[in-house]
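Asker: One structure, as structure tokens, below. Some questions next.
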Amino acid sequence: MKTLIIIAHPKINGFSFAMAKKYEELALAKNYEVETIDLYRSKYQQPFFTFDNENDLNVTPEIEYYQNKISEADELVFVFPYWWGSMPAILKNFIDWNFSKGFAFEYVNSKPKGLLVNKSVKIFTTTGAPSFIYTITGANFRLKKMFQKQIIEFCGMKLTSFNIYGGVDKSNSNTSEILNKIKL
Ligand SMILES: Cc1cc2nc3c(=O)[nH]c(=O)nc-3n(C[C@H](O)[C@H](O)[C@H](O)COP(=O)(O)O)c2cc1C
């Protein structure tokens, strides 16, 4: 099993790194092969997504590098803090560039067809808001559905684990409790 962990947190001591490390430890204990992409510090930086012709993107060395990593992986694990109801822009930019038409999906008779079949996706994110509030308001469910329907299943992948942990703020009093909840 090959796992690709993709982390989008500006601070190396951000809680996303602790979650990713815990996941990696569990995966290595099961003899998974694990690779990590740290989007803020990767040497393959991508500027904000732009194109002359979206149907004919130039394959840059960065796209090639990331698409190879995605191709090789059996599972993708996204780890990030919840920002403005969604993911940090750097992660969205990563998806814009690298989950491109012809690689992640195509159109057949005007219908989208996912090309990244047989890959599973896991998500680990944290909100500042307490869990019960975002459960009641539906915010947690909206993020899950957006990822699942608009990105993961659109590209032919399967969401196998969605984890959104609330109340992660400056006090960080509940972080060890959260780390104990992380499962493969
Ligand atoms: C730009 C930005 C936007 C944020 N948006 C939200 C939000 O919409 N809802 C929320 O509950 N917390 C929000 N937060 C708080 C983060 O989710 C919270 O600080 C993070 O999960 C804590 O993890 P960390 O200590 O690893 O950064 C935001 C934080 C930042 C910096």
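By convention in this document, the chains of the structure tokens carry letters A, B, ... by their order, each chain's residues are numbered from 1, and ligands are numbered from 1 in the order they are shown.
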Applying 12 Å and only C-alpha atoms, which residues near Pro10 (chain A) remain after dropping the ones on its own chain fewer than 2 positions away? List them as an mmCIF file with N, CA and C atoms, in the first residue's frame.
Answerer:
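So around_14.cif came out as:
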data_model
loop_
_atom_site.group_PDB
_atom_site.id
_atom_site.type_symbol
_atom_site.label_atom_id
_atom_site.label_comp_id
_atom_site.auth_asym_id
_atom_site.auth_seq_id
_atom_site.Cartn_x
_atom_site.Cartn_y
_atom_site.Cartn_z
ATOM 1 N N ILE A 7 0.072 17.826 3.040
ATOM 2 C CA ILE A 7 -0.188 18.730 4.176
ATOM 3 C C ILE A 7 -0.196 20.173 3.696
ATOM 4 N N ALA A 8 -1.203 20.916 4.146
ATOM 5 C CA ALA A 8 -1.273 22.343 3.804
ATOM 6 C C ALA A 8 -1.389 23.144 5.089
ATOM 7 N N ILE A 12 5.210 24.815 10.543
ATOM 8 C CA ILE A 12 5.706 23.448 10.678
ATOM 9 C C ILE A 12 5.265 22.841 12.022
ATOM 10 N N ASN A 13 4.960 23.708 13.007
ATOM 11 C CA ASN A 13 4.441 23.166 14.273
ATOM 12 C C ASN A 13 2.919 23.287 14.357
ATOM 13 N N GLY A 14 2.273 23.537 13.213
ATOM 14 C CA GLY A 14 0.806 23.540 13.178
ATOM 15 C C GLY A 14 0.289 22.144 13.499
ATOM 16 N N PHE A 15 -0.926 22.085 13.975
ATOM 17 C CA PHE A 15 -1.462 20.799 14.425
ATOM 18 C C PHE A 15 -1.626 19.811 13.263
ATOM 19 N N SER A 16 -1.757 20.303 12.047
ATOM 20 C CA SER A 16 -1.850 19.399 10.881
ATOM 21 C C SER A 16 -0.631 18.477 10.832
ATOM 22 N N PHE A 17 0.537 19.000 11.206
ATOM 23 C CA PHE A 17 1.749 18.174 11.161
ATOM 24 C C PHE A 17 1.700 17.069 12.208
ATOM 25 N N ASP A 38 4.721 18.520 1.624
ATOM 26 C CA ASP A 38 4.453 19.660 2.498
ATOM 27 C C ASP A 38 4.297 20.858 1.560
ATOM 28 N N LEU A 39 3.063 21.222 1.269
ATOM 29 C CA LEU A 39 2.830 22.182 0.184
ATOM 30 C C LEU A 39 3.519 23.532 0.383
ATOM 31 N N TYR A 40 3.561 24.026 1.609
ATOM 32 C CA TYR A 40 4.172 25.345 1.829
ATOM 33 C C TYR A 40 5.692 25.315 1.658
ATOM 34 N N ARG A 41 6.302 24.166 1.889
ATOM 35 C CA ARG A 41 7.768 24.087 1.864
ATOM 36 C C ARG A 41 8.321 23.241 0.725
ATOM 37 N N SER A 42 7.439 22.709 -0.123
ATOM 38 C CA SER A 42 7.909 21.881 -1.227
ATOM 39 C C SER A 42 8.809 22.696 -2.161
ATOM 40 N N VAL A 79 -4.324 16.699 4.784
ATOM 41 C CA VAL A 79 -4.322 17.175 6.166
ATOM 42 C C VAL A 79 -4.171 18.703 6.140
ATOM 43 N N PHE A 80 -5.124 19.397 6.737
ATOM 44 C CA PHE A 80 -5.109 20.865 6.621
ATOM 45 C C PHE A 80 -6.019 21.488 7.684
ATOM 46 N N PRO A 81 -5.776 22.760 8.018
ATOM 47 C CA PRO A 81 -6.716 23.471 8.890
ATOM 48 C C PRO A 81 -7.894 23.985 8.051
ATOM 49 N N PRO A 88 -7.183 25.619 2.892
ATOM 50 C CA PRO A 88 -6.284 26.734 2.568
ATOM 51 C C PRO A 88 -6.089 26.849 1.047
ATOM 52 N N ALA A 89 -5.911 28.079 0.581
ATOM 53 C CA ALA A 89 -5.816 28.337 -0.859
ATOM 54 C C ALA A 89 -4.700 27.523 -1.519
ATOM 55 N N ILE A 90 -3.636 27.265 -0.786
ATOM 56 C CA ILE A 90 -2.506 26.530 -1.380
ATOM 57 C C ILE A 90 -2.933 25.110 -1.763
ATOM 58 N N LEU A 91 -3.842 24.530 -1.006
ATOM 59 C CA LEU A 91 -4.319 23.183 -1.325
ATOM 60 C C LEU A 91 -5.290 23.231 -2.512
#
Asker: If the limit is 10 Å from any atom of ligand 1, counting only C-alpha atoms and all ligand atoms, which residues qualify? Return them as JSON, numbers by chain.
Answerer: {"A": [8, 9, 10, 11, 12, 13, 14, 15, 16, 17, 18, 19, 79, 80, 81, 82, 83, 84, 85, 86, 87, 88, 89, 125, 126, 127, 128, 129, 130, 131, 133, 134, 139, 140, 164, 165, 166, 167, 168, 169, 170, 171, 172, 175]}
Asker: Counting only C-alpha atoms, what is within 12 Å of region 52-69 of chain A, bar same-chain residues fewer than 6 positions away, as a ChimeraX atom specification?
Answerer: /A:2-6,34-39,42-46,75-76,93-104,106-107,116
Asker: How far is it from CA of Ala20 (chain A) to CA of Ser71 (chain A), in Å with one decimal?
Answerer: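 Pair CA of Ala20 (chain A) / CA of Ser71 (chain A) returns 20.3 Å.
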Asker: Just the number, please: distance in Å from CA of Lys92 (chain A) to CA of Lys21 (chain A), one decimal.
Answerer: 22.0 Å
Asker: Pick the closest to Lys145 (chain A) from A:Leu28, A:Leu159, A:Val108, A:Ile182: which is it, counting only C-alpha atoms?
Answerer: A:Leu159
Asker: As a ChimeraX atom specification, please: every residue in region 18-175 of chain A that a backbone DSSP assignment puts in alpha helix (DSSP H).
Answerer: /A:18-29,61-72,89-98,131-136,139-145,175
Asker: Can you tell me, as a list in words, what residues are no more than 12 Å from Glu153 (chain A) when counting only C-alpha atoms, ignoring any on the same chain fewer than 2 positions away?
Answerer: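 The residues that qualify are Ala104, Phe105, Pro112, Lys113, Gly114, Leu115, Leu116, Val117, Asn118, Lys119, Ser120, Val121, Lys144, Lys145, Met146, Phe147, Gln148, Lys149, Gln150, Ile151, Cys155, Gly156, Met157, Lys158, Leu159 and Thr160 of chain A.
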Asker: Hey, what does DSSP flag as strand (DSSP E) within region 33-176 of chain A? Can you give it to me as a ChimeraX atom specification?
Answerer: /A:33-38,75-81,105-108,111-114,120-126,158-165
